[in-house]
Amino acid sequence: AANRFEGKTFGVGDGALRRPQNWPLLRDPFTPSWGEPYLEIAHRMLGAAHRARQLAEGHEAVCVSHQLPIWTLRRYLLGQRLWHDPRRRQCALASLTTIEFTGPEVTGLRYSEPAGASDPTVTGA
């Protein structure tokens, strides 16, 4: 997902929220105003899933992505609001989010951690 904070330090306690030049980017956390809107992320990811389904017809496909796009697509498919608290994402390192299709229709969604649970304080997802 595009992000106007890419390459900059932005985290809890680093003072980024006290910098007035950042305030216009943070005006709408529900869209989000600092980067690619959640709905665009969900549509892009769903398009990629459908393309993978078509290319792997009769087989399984594996797609790799970062945590935010996966979580956004999952919430979209479940009919949940797309804005969320990132600390509550169920999308651990090396986890699998499985989308099941029957023809072109999404008929299932599963989550698993085949390598075992990871420490949620570990970054990099």
# chains A, B, ... in the order shown; residues from 1 in each chain; ligands from 1

call {"tool": "residues_around", "arguments": {"residues": "Arg19 (chain A)", "least_positions_apart": "5", "cutoff": "12 Å", "atoms": "only C-alpha atoms", "output": "PyMOL selection string"}}
result
chain A and resi 9-10+14+24-26

call {"tool": "write_last_selection", "arguments": {"atoms": "C-alpha atoms", "output": "CSV table (one decimal), in the first residue's frame"}}
result
chain,number,residue,atom,x,y,z
A,9,THR,CA,10.5,7.3,11.3
A,10,PHE,CA,7.0,7.0,12.6
A,14,ASP,CA,9.1,9.2,18.3
A,24,PRO,CA,-2.5,17.2,7.3
A,25,LEU,CA,-1.6,13.6,6.5
A,26,LEU,CA,-3.3,12.4,9.6

call {"tool": "residues_around", "arguments": {"residues": "Ala42 (chain A)", "least_positions_apart": "2", "cutoff": "6 Å", "atoms": "only C-alpha atoms", "output": "CSV table (one decimal) with C-alpha atoms, in the first residue's frame"}}
result
chain,number,residue,atom,x,y,z
A,39,LEU,CA,-11.2,0.3,-0.3
A,40,GLU,CA,-8.6,0.6,-3.1
A,44,ARG,CA,-6.6,-4.4,-5.7
A,45,MET,CA,-6.0,-7.5,-3.5
A,72,THR,CA,-7.8,-5.3,4.6
A,73,LEU,CA,-8.9,-7.9,2.1

call {"tool": "select_by_dssp", "arguments": {"residues": "chain A", "states": "helix (DSSP H, G or I)", "output": "ChimeraX atom specification"}}
result
/A:16-18,20-26,38-55,67-77,86-88

call {"tool": "closest_residue", "arguments": {"among": "A:Ile99, A:Ile41, A:Ala115, A:Leu82", "to": "Cys63 (chain A)", "atoms": "only C-alpha atoms"}}
result
A:Ile99

call {"tool": "closest_residue", "arguments": {"among": "A:Ala61, A:His43, A:Arg53, A:Phe101", "to": "Tyr76 (chain A)", "atoms": "only C-alpha atoms"}}
result
A:His43

call {"tool": "closest_residue", "arguments": {"among": "A:Pro20, A:Pro29, A:Glu36, A:Gln67", "to": "Asn3 (chain A)", "atoms": "only C-alpha atoms"}}
result
A:Glu36

call {"tool": "select_by_dssp", "arguments": {"residues": "chain A", "states": "strand (DSSP E or B)", "output": "compact mmCIF listing (two decimals) with N, CA, C and O atoms, in the first residue's frame"}}
result
# COMPACT_ATOMS: atom_id res chain seq x y z
N ASN A 3 2.19 4.85 0.96
CA ASN A 3 2.17 5.50 2.27
C ASN A 3 3.10 6.70 2.22
O ASN A 3 4.28 6.56 1.91
N GLY A 35 -2.17 7.64 2.79
CA GLY A 35 -1.77 6.67 1.78
C GLY A 35 -2.95 6.12 1.00
O GLY A 35 -4.02 6.73 0.93
N LEU A 96 -0.98 -17.90 7.23
CA LEU A 96 -1.69 -18.11 5.97
C LEU A 96 -3.13 -17.63 6.10
O LEU A 96 -3.83 -18.02 7.03
N THR A 97 -3.54 -16.81 5.19
CA THR A 97 -4.94 -16.45 5.05
C THR A 97 -5.40 -17.10 3.76
O THR A 97 -4.87 -16.78 2.69
N THR A 98 -6.31 -18.02 3.85
CA THR A 98 -6.75 -18.81 2.70
C THR A 98 -8.11 -18.33 2.22
O THR A 98 -9.05 -18.26 3.01
N ILE A 99 -8.20 -18.03 0.95
CA ILE A 99 -9.47 -17.67 0.33
C ILE A 99 -9.88 -18.86 -0.53
O ILE A 99 -9.12 -19.28 -1.41
N GLU A 100 -11.06 -19.39 -0.27
CA GLU A 100 -11.56 -20.53 -1.03
C GLU A 100 -12.57 -20.03 -2.06
O GLU A 100 -13.41 -19.18 -1.76
N PHE A 101 -12.46 -20.56 -3.26
CA PHE A 101 -13.37 -20.20 -4.35
C PHE A 101 -14.12 -21.42 -4.83
O PHE A 101 -13.59 -22.53 -4.88
N THR A 102 -15.35 -21.23 -5.22
CA THR A 102 -16.12 -22.18 -6.00
C THR A 102 -16.45 -21.43 -7.29
O THR A 102 -17.27 -20.51 -7.26
N GLU A 105 -16.80 -17.44 -7.26
CA GLU A 105 -17.37 -16.98 -5.99
C GLU A 105 -16.47 -17.34 -4.81
O GLU A 105 -16.00 -18.47 -4.71
N VAL A 106 -16.28 -16.39 -3.91
CA VAL A 106 -15.56 -16.66 -2.66
C VAL A 106 -16.51 -17.44 -1.76
O VAL A 106 -17.61 -16.99 -1.46
N THR A 107 -16.09 -18.63 -1.36
CA THR A 107 -16.96 -19.49 -0.55
C THR A 107 -16.36 -19.83 0.81
O THR A 107 -16.99 -20.53 1.60
N GLY A 108 -15.16 -19.36 1.08
CA GLY A 108 -14.56 -19.64 2.38
C GLY A 108 -13.36 -18.76 2.64
O GLY A 108 -12.72 -18.25 1.72
N LEU A 109 -13.08 -18.60 3.92
CA LEU A 109 -11.95 -17.81 4.35
C LEU A 109 -11.41 -18.45 5.63
O LEU A 109 -12.16 -18.70 6.57
N ARG A 110 -10.11 -18.78 5.63
CA ARG A 110 -9.50 -19.43 6.80
C ARG A 110 -8.20 -18.73 7.15
O ARG A 110 -7.53 -18.18 6.29
N TYR A 111 -7.82 -18.85 8.40
CA TYR A 111 -6.56 -18.30 8.89
C TYR A 111 -5.83 -19.39 9.64
O TYR A 111 -6.45 -20.15 10.40
N SER A 112 -4.52 -19.51 9.43
CA SER A 112 -3.74 -20.50 10.17
C SER A 112 -2.31 -19.99 10.35
O SER A 112 -1.85 -19.10 9.63

call {"tool": "closest_residue", "arguments": {"among": "A:Glu6, A:Tyr38, A:Gly58, A:Arg18", "to": "Gly103 (chain A)", "atoms": "only C-alpha atoms"}}
result
A:Gly58

call {"tool": "atom_distance", "arguments": {"atom1": "CA of Gln90 (chain A)", "atom2": "CA of Glu60 (chain A)"}}
result
22.5 Å

call {"tool": "atom_distance", "arguments": {"atom1": "CA of Ile70 (chain A)", "atom2": "CA of Gly15 (chain A)"}}
result
28.6 Å

call {"tool": "closest_residue", "arguments": {"among": "A:Arg27, A:Arg75, A:Arg51, A:His59", "to": "Arg89 (chain A)", "atoms": "only C-alpha atoms"}}
result
A:Arg75
